[in-house]
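Reviewing the structure listed below.
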Amino acid sequence: MKIRNNELVILAVIVFFSLVTYYLVEPYAHHVLHKHVESEDFKYTDLDESTHNIMSKTGNAANGKAIAVDGYACIACHSIDVIGQSTGMSPDAAAAAYGVNPPDLSNAGLIYDDKFLADLIKNPAHALKVEHKFSEGGNTHPMSAFSGMGGDIDQEIADIVAYFNSIAVSQEDLTPKMAYENACGRCHAVRYEGWTQMGTKPSFKHKKETLAYEIKVLEYEDSLKAYMGKLPPDLSMYTRSRSEDFLRTFIENPQNHLAGTAMPRTGVTVDTADKIIEHMKDAGDTKRHERESIAVYVMIYTLIFAIFALLWKKQVWRDLH
């Protein structure tokens, strides 16, 4: 009986220190390494004042199309694939011109918050929270502020936002991959997914074609480094090295974590942020869903094995006593 009691004591000690390590040491280490930042719930309340007049108006999608597309207010720099509208520039050429390839606007009305979109059209550096980068030395943001078409500029911006909302896919049809590529993929590569800042790396038949593509990627990265100050990191394993809370609040407002960073605020909705993180999880752990699906069977096996081990142990001790 004394041996049995010692076993229980040893088990209790192991369980105690395991719990202490998991619930105290690990969270404390995360707290020291990464300061806690409260989520702003992707409400962008700092834009309430600057977009109040715009958001109080009812947007007209037809007029928004006349401004954004027919009036070339947006398609001079941005593609809109859903209507077959291209800028005619390759990603590396666009990056050389603007620092980064401007996003396709097909799903901008779903991916980005309406207030953010409105303020982005009105004052890009303010919406993106990078005024500190472009206010010094007379630098101007590569995206020009919308100067209007001669009418009520706030109404015109409301119309443009309404147009983008009208052409976007439904929330159900927006995949995590689509959300990531549009909001993050023009600056951040995901090499585990074969994703470069120029898109998914194609499969080439000849080595020289592969090298030609890789040269274009390097040229794109050089333009991005000149624009951002450094090359944004590859995000293949970021969900392994950062907590989900850190990623969520960083996507929401990078300045809260790194004051003065050149990374712009993305302005995505909370649903888009969830899908971005979902895609990053899939990229960093390709067997995640498969592992989770068999977890219940592993637990059942472990339980059955434990029962047989306990019965075997009782049989052994019965013979010894």
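Quick note on naming: the chains in the structure tokens go A, B, ... in the order shown, residues restart at 1 in each chain, and ligands are numbered from 1 in order of appearance.
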Excluding Ile277 of chain A and any residue of its chain fewer than 6 positions from it, enumerate the residues within 10 Å of it, using only C-alpha atoms, and give them as a ChimeraX atom specification. /A:176-177,179-180,238-239,244,247-248,251,283
As a ChimeraX atom specification, which residues of segment 82-236 of chain A does DSSP assign to strand (DSSP E)? /A:195-196,199-200
Could you give me, as a count of residues only, the residues within 10 Å of Pro142 of chain A, counting only C-alpha atoms and dropping anything in the same chain fewer than 5 positions from it? 9
Would you mind listing what lies within 7 Å of segment 105-116 of chain A as an mmCIF file with C-alpha atoms, in the first residue's frame, with only C-alpha atoms counted and same-chain residues fewer than 3 positions away left out?
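Below you can see out-v5.cif, which holds the result:
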data_model
loop_
_atom_site.group_PDB
_atom_site.id
_atom_site.type_symbol
_atom_site.label_atom_id
_atom_site.label_comp_id
_atom_site.auth_asym_id
_atom_site.auth_seq_id
_atom_site.Cartn_x
_atom_site.Cartn_y
_atom_site.Cartn_z
ATOM 1 C CA LEU A 47 -12.773 57.708 -38.249
ATOM 2 C CA THR A 51 -16.403 60.278 -42.247
ATOM 3 C CA HIS A 78 -6.675 49.626 -59.552
ATOM 4 C CA SER A 79 -7.994 46.611 -61.403
ATOM 5 C CA ILE A 80 -11.571 45.359 -60.949
ATOM 6 C CA ASP A 81 -11.421 41.785 -62.182
ATOM 7 C CA VAL A 82 -15.107 41.107 -61.579
ATOM 8 C CA ASP A 119 -11.728 57.753 -45.369
ATOM 9 C CA LEU A 120 -9.229 55.922 -47.588
ATOM 10 C CA ALA A 127 -7.137 56.069 -42.998
ATOM 11 C CA VAL A 161 -18.430 52.861 -51.515
ATOM 12 C CA PHE A 164 -17.924 48.519 -54.311
ATOM 13 C CA ASN A 165 -20.472 46.983 -51.942
ATOM 14 C CA ILE A 167 -20.111 44.183 -56.885
ATOM 15 C CA ALA A 168 -18.509 42.231 -54.022
ATOM 16 C CA VAL A 169 -19.171 38.536 -53.479
ATOM 17 C CA ALA A 179 -9.238 37.593 -47.882
ATOM 18 C CA GLY A 267 -9.047 48.482 -42.442
ATOM 19 C CA VAL A 268 -10.607 45.031 -42.737
ATOM 20 C CA THR A 269 -13.857 43.985 -41.109
ATOM 21 C CA THR A 272 -12.308 39.395 -42.898
#
Looking at A:Asp104, A:Val20, A:His126, A:Met228, which one is nearest to Asp46 of chain A, with distances taken over only C-alpha atoms? A:His126
Determine, counting only C-alpha atoms, which protein, DNA and RNA residues have an atom within 10 Å of an atom of Thr286 of chain A; residues of the same chain fewer than 5 positions away are not included. Present the result as a PyMOL selection string. chain A and resi 192-193+280-281+291
Taking a cut-off of 10 Å and counting only C-alpha atoms, can you build a table that, for each residue of segment 23-99 of chain A near segment 210-218 of chain A, reports the nearest atom pair and how far apart they are in Å (one decimal), sorted by chain then residue number, as a Markdown table?
| residue | atom | partner | partner_atom | distance |
| --- | --- | --- | --- | --- |
| A:Ser90 | CA | A:Lys216 | CA | 9.8 |
| A:Pro91 | CA | A:Lys216 | CA | 8.9 |
| A:Asp92 | CA | A:Lys216 | CA | 6.2 |
| A:Ala93 | CA | A:Lys216 | CA | 9.1 |
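For the residues A:Glu209, A:Asp159, A:Glu40, A:Glu219, ranking by smallest atom-to-atom distance to Ser56 of chain A using only C-alpha atoms places A:Asp159 first.
Nearest-residue note for Ser223 of chain A: choosing from A:Thr200, A:Ser86, A:Asn101, A:Thr21, the minimum distance belongs to A:Asn101, counting only C-alpha atoms.
With only C-alpha atoms as the atoms that count, the minimum distance from Ala189 of chain A to the choices A:Glu49, A:Asp245, A:Asp152, A:Asp234 is reached by A:Asp234.
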All residues 10 Å or closer to Ala158 of chain A, only C-alpha atoms, same chain fewer than 2 positions away omitted, as a PDB file with C-alpha atoms, in the first residue's frame:
ATOM      1  CA  THR A  51     -16.403  60.278 -42.247  1.00  0.00           C
ATOM      2  CA  ASN A  53     -20.903  63.462 -43.430  1.00  0.00           C
ATOM      3  CA  ILE A  54     -20.123  60.654 -45.862  1.00  0.00           C
ATOM      4  CA  MET A  55     -21.682  57.900 -43.761  1.00  0.00           C
ATOM      5  CA  SER A  56     -24.841  59.976 -43.208  1.00  0.00           C
ATOM      6  CA  LYS A  57     -25.575  59.869 -46.948  1.00  0.00           C
ATOM      7  CA  THR A  58     -27.222  57.103 -48.949  1.00  0.00           C
ATOM      8  CA  GLY A  59     -24.861  55.920 -51.652  1.00  0.00           C
ATOM      9  CA  ASN A  60     -25.943  55.412 -55.251  1.00  0.00           C
ATOM     10  CA  ALA A  61     -24.108  52.432 -56.767  1.00  0.00           C
ATOM     11  CA  ASN A  63     -23.361  56.884 -59.819  1.00  0.00           C
ATOM     12  CA  GLY A  64     -20.458  55.259 -57.977  1.00  0.00           C
ATOM     13  CA  ASP A 114     -17.189  51.101 -45.057  1.00  0.00           C
ATOM     14  CA  LYS A 115     -15.855  53.902 -42.844  1.00  0.00           C
ATOM     15  CA  LEU A 117     -13.036  52.777 -47.385  1.00  0.00           C
ATOM     16  CA  ALA A 118     -14.651  56.220 -47.248  1.00  0.00           C
ATOM     17  CA  ILE A 121     -10.768  57.577 -50.646  1.00  0.00           C
ATOM     18  CA  ILE A 153     -17.662  65.226 -52.768  1.00  0.00           C
ATOM     19  CA  ASP A 154     -19.016  63.457 -49.670  1.00  0.00           C
ATOM     20  CA  GLN A 155     -21.954  62.128 -51.692  1.00  0.00           C
ATOM     21  CA  GLU A 156     -19.617  61.031 -54.454  1.00  0.00           C
ATOM     22  CA  ILE A 160     -18.210  54.894 -54.740  1.00  0.00           C
ATOM     23  CA  VAL A 161     -18.430  52.861 -51.515  1.00  0.00           C
ATOM     24  CA  ALA A 162     -21.962  51.770 -52.467  1.00  0.00           C
ATOM     25  CA  TYR A 163     -20.687  50.623 -55.860  1.00  0.00           C
TER      26      TYR A 163
END
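With only C-alpha atoms as the atoms that count, the minimum distance from Pro254 of chain A to the choices A:Val37, A:Gly151, A:Lys133, A:Lys65 is reached by A:Val37.
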